[in-house]
2 protein chains.
Amino acid sequence: MTLGKTKTKEEVIEALHSVAAEMHDKMLKGKPPAMTLPVRTKKNIQFDKKLQVYKYGKNKSTRDATALGSARVLLRSLHITEFIEDMIESGKSSTLREMYYISEGWGNGKFGTQNESNNLAEDLEIVTKCIREDFKLRPEEDGARIIGNVTFEEKNRKGEWMRINCRDDVGDSGYGVPYNVESEKLRLVEHDIDFVMAVETGGMFDRLVENGFDEEARCAIIHLKGQPARSTRRIMKRMSDEWKKPILVFADCDPWSFRIFASIAYGAIKTAHISEYLATNEAIYLGITADDILAYDLPSDDLTKSDLGALESELSDPRFATGWWKEQINLMQEIGKKAEQQSLAKYGLDFVTDTYLPEKLAALGLKY
Amino acid sequence: MTLGKTKTKEEVIEALHSVAAEMHDKMLKGKPPAMTLPVRTKKNIQFDKKLQVYKYGKNKSTRDATALGSARVLLRSLHITEFIEDMIESGKSSTLREMYYISEGWGNGKFGTQNESNNLAEDLEIVTKCIREDFKLRPEEDGARIIGNVTFEEKNRKGEWMRINCRDDVGDSGYGVPYNVESEKLRLVEHDIDFVMAVETGGMFDRLVENGFDEEARCAIIHLKGQPARSTRRIMKRMSDEWKKPILVFADCDPWSFRIFASIAYGAIKTAHISEYLATNEAIYLGITADDILAYDLPSDDLTKSDLGALESELSDPRFATGWWKEQINLMQEIGKKAEQQSLAKYGLDFVTDTYLPEKLAALGLKY
């Protein structure tokens with residue numbers, strides 16, 4: 001996969017045509033058309049030590065047209081190919097939900113559930129080595145918000161490049177990251193920051209903004225909005241690669257937030273075919289840690305049964321296979337507690353920026 | 001309640017002090033301090049025919065310090081008063097979640113759950129006739145996004161007024177509405193639109209934006225993000241009042257979307273004390289209607305049991321007590337179907353802007 005290099009329209013269309021051509025060739029030879037894909041389950045996920053991200057393993061499954069279900073999938077791939085080609089020609093894009101409804105007109109190729117259409121879009125990414133953005137398909141999820149002294153250029157609907165500084169040209173809610181953050185749509189122009197602070201909750205994002213932390217600490221603040229969208233992970237990866245800035249993740253102390261970090265740093269199962277393109281291996285988990293719950297005597301809640309199960313499964317997850325993570329997870333199991341970022345407010349609204357973050361950053365050698 | 005007129009800091013502090021003063025007076029007279037509030041449940045909600053919005057009825061409940069639970073509420077009110085005063089003095093604001101954690105330091109006044117702190121903030125709105133924005137308290141919910149040729153001025157963190165045109169000065173994700181849209185924070189400067197189109201789903205918002213519907217139809221498009229935040233309802237109310245523009249609501253055809261419309265047009269139970277300030281009585285439900293499901297032969301899903309229950313309860317809801325709504329609800333019950341906005345994609349990505357919306361708008365006398 002040639003990542004980093006944006007594909008031209010022609011390259012994307014060619015890649016899609018080659019899927020159809022392969023089916024056609026097989027049929028000419030009297031063989032049933034087929035499509036071979038990696039098995040996309042947790043069992044076939046391997047930690048790629050060289051790339052330091054999760055990738056699919058060697059297990060493959062083949063869909064050939066001798067079975068009805070597989071034939072239907074192949075038919076759908078051809079319909080999607082046509083649909084994507086139309087969008088590329090007409091400069092349109094579509095939500096995955098819209099594609100699901102558009103399939104109403106595809107006869108036997110009609111999707112039964114949206115899950116089927118989402119999965120097939122990902123399958124096509126794998127076989128064509130393109131990305132969803134090349135296909136002009138987008139999710140409905142909201143992108144991140146960014147505040148700080150960084151300047152982007154975004155290509156607007158009229159094809160003009162708009163220059164937006166995420167401190168001076170936006171309101172309090174910040175710059176809204178679009179779904180496509182590839183270089184054809186978004187340019188990282190300039191910055192005057194020392195690091196990027198990715199924040200899990202909106203309340204904490206707003207706190208850091210109100211307290212002027214972006215200026216004080218010379219950073220860009222990103223609101224992750226829970227499990228981050230692809231565009232959010234991708235823009236952090238680009239800031240890390242192009243600006244060589246550390247990405248620090250500031251989240252709640254609970255097993256689900258640890259997974260947010262893991263997906264940022266090492267990738268996620270559903271997008272393992274493009275992990276090296278979405279995951280920022282250099283990302284650092286800043287807090288809240290189990291240590292912090294004790295050190296700062298934070299208000300905490302008891303771990304639920306499902307929290308405990310998630311922690312247990314993280315202990316066997318290669319993404320958490322470091323001494324530091326094992327210690328943190330073991331400590332959480334021991335104290336049986338979790339805590340939210342906003343629990344720092346116990347000590348007042350300024351504690352997080354006056355005390356907590358300076359202490360945590362100093363421990364990383366980032367002084368301000 | 002003097003709505004529309006922004007209160008000064010001094011007025012807000014005075015209003016809060018009067019709550020404390022009343023308690024103090026009672027104690028001086030040897031009586032237990034008390035606070036009287038309207039009962040804030042569905043049973044005590046009445047449709048105010050003059051204002052055409054939902055308001056609290058005549059049932060009151062009194063909390064006096066002779067019961068432990070009530071005494072605790074009064075204690076908390078005093079702590080909150082002090083906390084709000086501090087924020088006003090220092091130019092800060094706080095999330096409701098932060099206030100919950102801050103109460104850790106309030107001894108017997110500590111909140112047990114966040115629900116308690118949220119409710120008390122609303123109670124204080126009622127007794128002081130201030131609004132949450134006056135108290136510098138804000139929710140964590142995301143505000144709306146707006147795209148279109150409207151210009152706002154937002155006061156930024158440095159106290160400077162920033163001018164933002166929601167078509168020319170923003171990226172594809174639009175202008176993010178801040179939590180406080182009162183005149184002290186946001187000014188409606190100028191516009192060149194004929195109406196406001198409030199859209200339920202992000203997918204449809206993006207569709208209208210990509211298709212250039214805002215320019216084509218001369219409108220501002222607002223993404224409601226499901227059940228709209230207070231700031232979203234308030235900014236629509238202001239656009240309706242100050243610019244005299246119709247607010248059209250474009251949502252899914254299901255009972256929950258009808259409730260979104262009702263909260264925009266007539267108010268919601270939790271905020272019935274400020275309905276006339278949040279609700280835009282002139283708002284019009286554009287679609288998707290049950291009629292549309294049939295007329296456009298839209299892909300639809302069967303109504304679930306809980307959908308049917310919600311429809312049934314809407315039939316006895318004064319907000320839906322018009323002939324038109326009754327017809328629509330009855331028709332839905334009859335066909336047993338619901339449909340999403342994005343199901344219009346069955347006919348292609350342009351159908352909504354080329355055919356559906358022009359036809360619906362023409363029926364309202366809005367041609368473009």
# chains A, B, ... in the order shown; residues from 1 in each chain; ligands from 1
$ select_by_dssp --residues "segment 55-275 of chain A" --states "strand (DSSP E or B)" --output "number ranges by chain"
A: 55-56, 60-64, 94-95, 137-138, 145-147, 150-155, 161-165, 175-176, 186-191, 195-199, 219-223, 247-250, 253
$ residues_around --residues "segment 210-227 of chain A" --least-positions-apart "5" --cutoff "6 Å" --atoms "only C-alpha atoms" --output "NGL selection string"
:A and (144-148 or 193-200 or 205 or 260 or 368)
$ write_last_selection --atoms "N, CA, C and O atoms" --output "compact mmCIF listing (two decimals), in the first residue's frame"
# COMPACT_ATOMS: atom_id res chain seq x y z
N ALA A 144 -12.92 15.73 15.14
CA ALA A 144 -12.40 16.39 16.33
C ALA A 144 -12.52 17.91 16.22
O ALA A 144 -12.81 18.45 15.17
N ARG A 145 -12.29 18.57 17.36
CA ARG A 145 -12.16 20.03 17.38
C ARG A 145 -10.73 20.34 17.81
O ARG A 145 -10.18 19.64 18.65
N ILE A 146 -10.16 21.38 17.25
CA ILE A 146 -8.78 21.73 17.59
C ILE A 146 -8.70 23.21 17.96
O ILE A 146 -9.30 24.05 17.29
N ILE A 147 -7.96 23.49 19.03
CA ILE A 147 -7.64 24.88 19.38
C ILE A 147 -6.15 24.98 19.65
O ILE A 147 -5.57 24.10 20.30
N GLY A 148 -5.53 26.02 19.13
CA GLY A 148 -4.10 26.22 19.37
C GLY A 148 -3.49 26.96 18.19
O GLY A 148 -4.15 27.15 17.16
N ILE A 193 3.99 25.51 18.16
CA ILE A 193 3.65 24.71 19.34
C ILE A 193 4.80 23.76 19.66
O ILE A 193 5.65 23.49 18.82
N ASP A 194 4.78 23.26 20.90
CA ASP A 194 5.78 22.28 21.30
C ASP A 194 5.24 20.85 21.33
O ASP A 194 6.00 19.90 21.24
N PHE A 195 3.92 20.73 21.51
CA PHE A 195 3.33 19.39 21.51
C PHE A 195 1.83 19.47 21.24
O PHE A 195 1.26 20.57 21.17
N VAL A 196 1.24 18.29 21.05
CA VAL A 196 -0.20 18.19 20.82
C VAL A 196 -0.81 17.46 22.01
O VAL A 196 -0.30 16.43 22.44
N MET A 197 -1.87 18.03 22.56
CA MET A 197 -2.54 17.40 23.70
C MET A 197 -3.91 16.91 23.26
O MET A 197 -4.79 17.71 22.94
N ALA A 198 -4.07 15.59 23.20
CA ALA A 198 -5.34 15.00 22.79
C ALA A 198 -6.16 14.68 24.03
O ALA A 198 -5.70 13.96 24.91
N VAL A 199 -7.37 15.23 24.11
CA VAL A 199 -8.16 15.19 25.33
C VAL A 199 -9.45 14.41 25.09
O VAL A 199 -10.15 14.65 24.12
N GLU A 200 -9.75 13.48 25.99
CA GLU A 200 -10.91 12.61 25.77
C GLU A 200 -12.25 13.34 25.86
O GLU A 200 -13.08 13.23 24.98
N PHE A 205 -11.57 19.46 27.57
CA PHE A 205 -11.12 20.28 26.45
C PHE A 205 -11.48 21.75 26.72
O PHE A 205 -10.63 22.64 26.65
N ILE A 260 -8.79 3.74 23.93
CA ILE A 260 -8.71 4.92 23.06
C ILE A 260 -7.24 5.20 22.77
O ILE A 260 -6.83 5.40 21.63
N TYR A 368 7.28 23.98 31.01
CA TYR A 368 6.79 25.23 30.42
C TYR A 368 6.59 26.25 31.52
O TYR A 368 6.61 25.93 32.69
$ residues_around --residues "segment 267-274 of chain A" --least-positions-apart "5" --cutoff "8 Å" --atoms "only C-alpha atoms" --output "PyMOL selection string"
chain A and resi 40-42+45+53-56+122+126+262+279
$ write_last_selection --atoms "C-alpha atoms" --output "tab-separated table (two decimals), in the first residue's frame"
chain	number	residue	atom	x	y	z
A	40	ARG	CA	-10.81	-9.58	9.71
A	41	THR	CA	-11.30	-10.80	13.25
A	42	LYS	CA	-9.41	-10.38	16.49
A	45	ILE	CA	-4.65	-9.61	14.26
A	53	VAL	CA	1.17	-1.36	15.02
A	54	TYR	CA	-1.53	-4.00	14.70
A	55	LYS	CA	-1.85	-5.62	11.26
A	56	TYR	CA	-3.89	-8.50	9.85
A	122	GLU	CA	-13.43	-1.78	4.15
A	126	ILE	CA	-7.95	-3.86	1.28
A	262	ALA	CA	-4.19	2.00	22.11
A	279	ALA	CA	-1.65	5.06	14.25
$ closest_atom_pairs --of "chain B" --to "chain A" --cutoff "6 Å" --atoms "only C-alpha atoms" --output "tab-separated table"
residue	atom	partner	partner_atom	distance
B:Glu98	CA	A:Ala345	CA	5.5
B:Tyr101	CA	A:Lys346	CA	5.0
B:Ile102	CA	A:Lys346	CA	4.5
B:Glu104	CA	A:Lys346	CA	5.8
B:Glu140	CA	A:Gly203	CA	5.5
B:Ser173	CA	A:Gly176	CA	5.4
B:Gly176	CA	A:Ser173	CA	5.4
B:Pro178	CA	A:Ser173	CA	5.7
B:Gly202	CA	A:Glu140	CA	5.9
B:Gly203	CA	A:Glu140	CA	5.5
B:Gln342	CA	A:Glu98	CA	5.9
B:Ser343	CA	A:Tyr101	CA	5.6
B:Ala345	CA	A:Ile102	CA	5.5
B:Lys346	CA	A:Ile102	CA	4.5
$ write_last_selection --atoms "C-alpha atoms" --output "mmCIF file, in the first residue's frame"
data_model
loop_
_atom_site.group_PDB
_atom_site.id
_atom_site.type_symbol
_atom_site.label_atom_id
_atom_site.label_comp_id
_atom_site.auth_asym_id
_atom_site.auth_seq_id
_atom_site.Cartn_x
_atom_site.Cartn_y
_atom_site.Cartn_z
ATOM 1 C CA GLU B 98 -16.838 19.906 37.363
ATOM 2 C CA TYR B 101 -16.568 17.159 41.657
ATOM 3 C CA ILE B 102 -15.971 20.519 43.273
ATOM 4 C CA GLU B 104 -16.192 17.041 47.157
ATOM 5 C CA GLU B 140 -20.846 18.906 28.150
ATOM 6 C CA SER B 173 -17.607 21.287 9.305
ATOM 7 C CA GLY B 176 -19.437 25.535 15.990
ATOM 8 C CA PRO B 178 -20.618 27.974 21.666
ATOM 9 C CA GLY B 202 -25.012 14.816 10.354
ATOM 10 C CA GLY B 203 -25.242 12.806 7.151
ATOM 11 C CA GLN B 342 -31.152 9.625 4.338
ATOM 12 C CA SER B 343 -33.546 7.093 2.818
ATOM 13 C CA ALA B 345 -30.746 8.587 -1.215
ATOM 14 C CA LYS B 346 -32.671 5.684 -2.752
#
$ residues_around --residues "Glu334 of chain B" --least-positions-apart "5" --cutoff "10 Å" --atoms "only C-alpha atoms" --output "PyMOL selection string"
chain B and resi 290+328-329
$ select_by_dssp --residues "segment 17-213 of chain A" --states "helix (DSSP H, G or I)" --output "number ranges by chain"
A: 17-28, 42-44, 68-90, 96-105, 107-109, 114-128, 202-210, 213
$ residues_around --residues "Leu78 of chain B" --least-positions-apart "4" --cutoff "8 Å" --atoms "only C-alpha atoms" --output "NGL selection string"
:B and (20 or 74 or 82)
$ atom_distance --atom1 "atom CA of Asp317 of chain A" --atom2 "atom CA of Leu286 of chain A"
19.7 Å
$ atom_distance --atom1 "atom CA of Asp241 of chain A" --atom2 "atom CA of Pro358 of chain A"
25.2 Å
$ closest_residue --among "A:Asp297, A:Asp86, A:Glu314, A:Glu11" --to "Thr128 of chain A" --atoms "only C-alpha atoms"
A:Glu11
$ atom_distance --atom1 "atom CA of Lys129 of chain B" --atom2 "atom CA of Thr8 of chain B"
13.0 Å
$ residues_around --residues "Val150 of chain B" --least-positions-apart "3" --cutoff "7 Å" --atoms "only C-alpha atoms" --output "list in words"
Asn165, Cys166, Glu190, His191, Asp192 and Ala220 of chain B
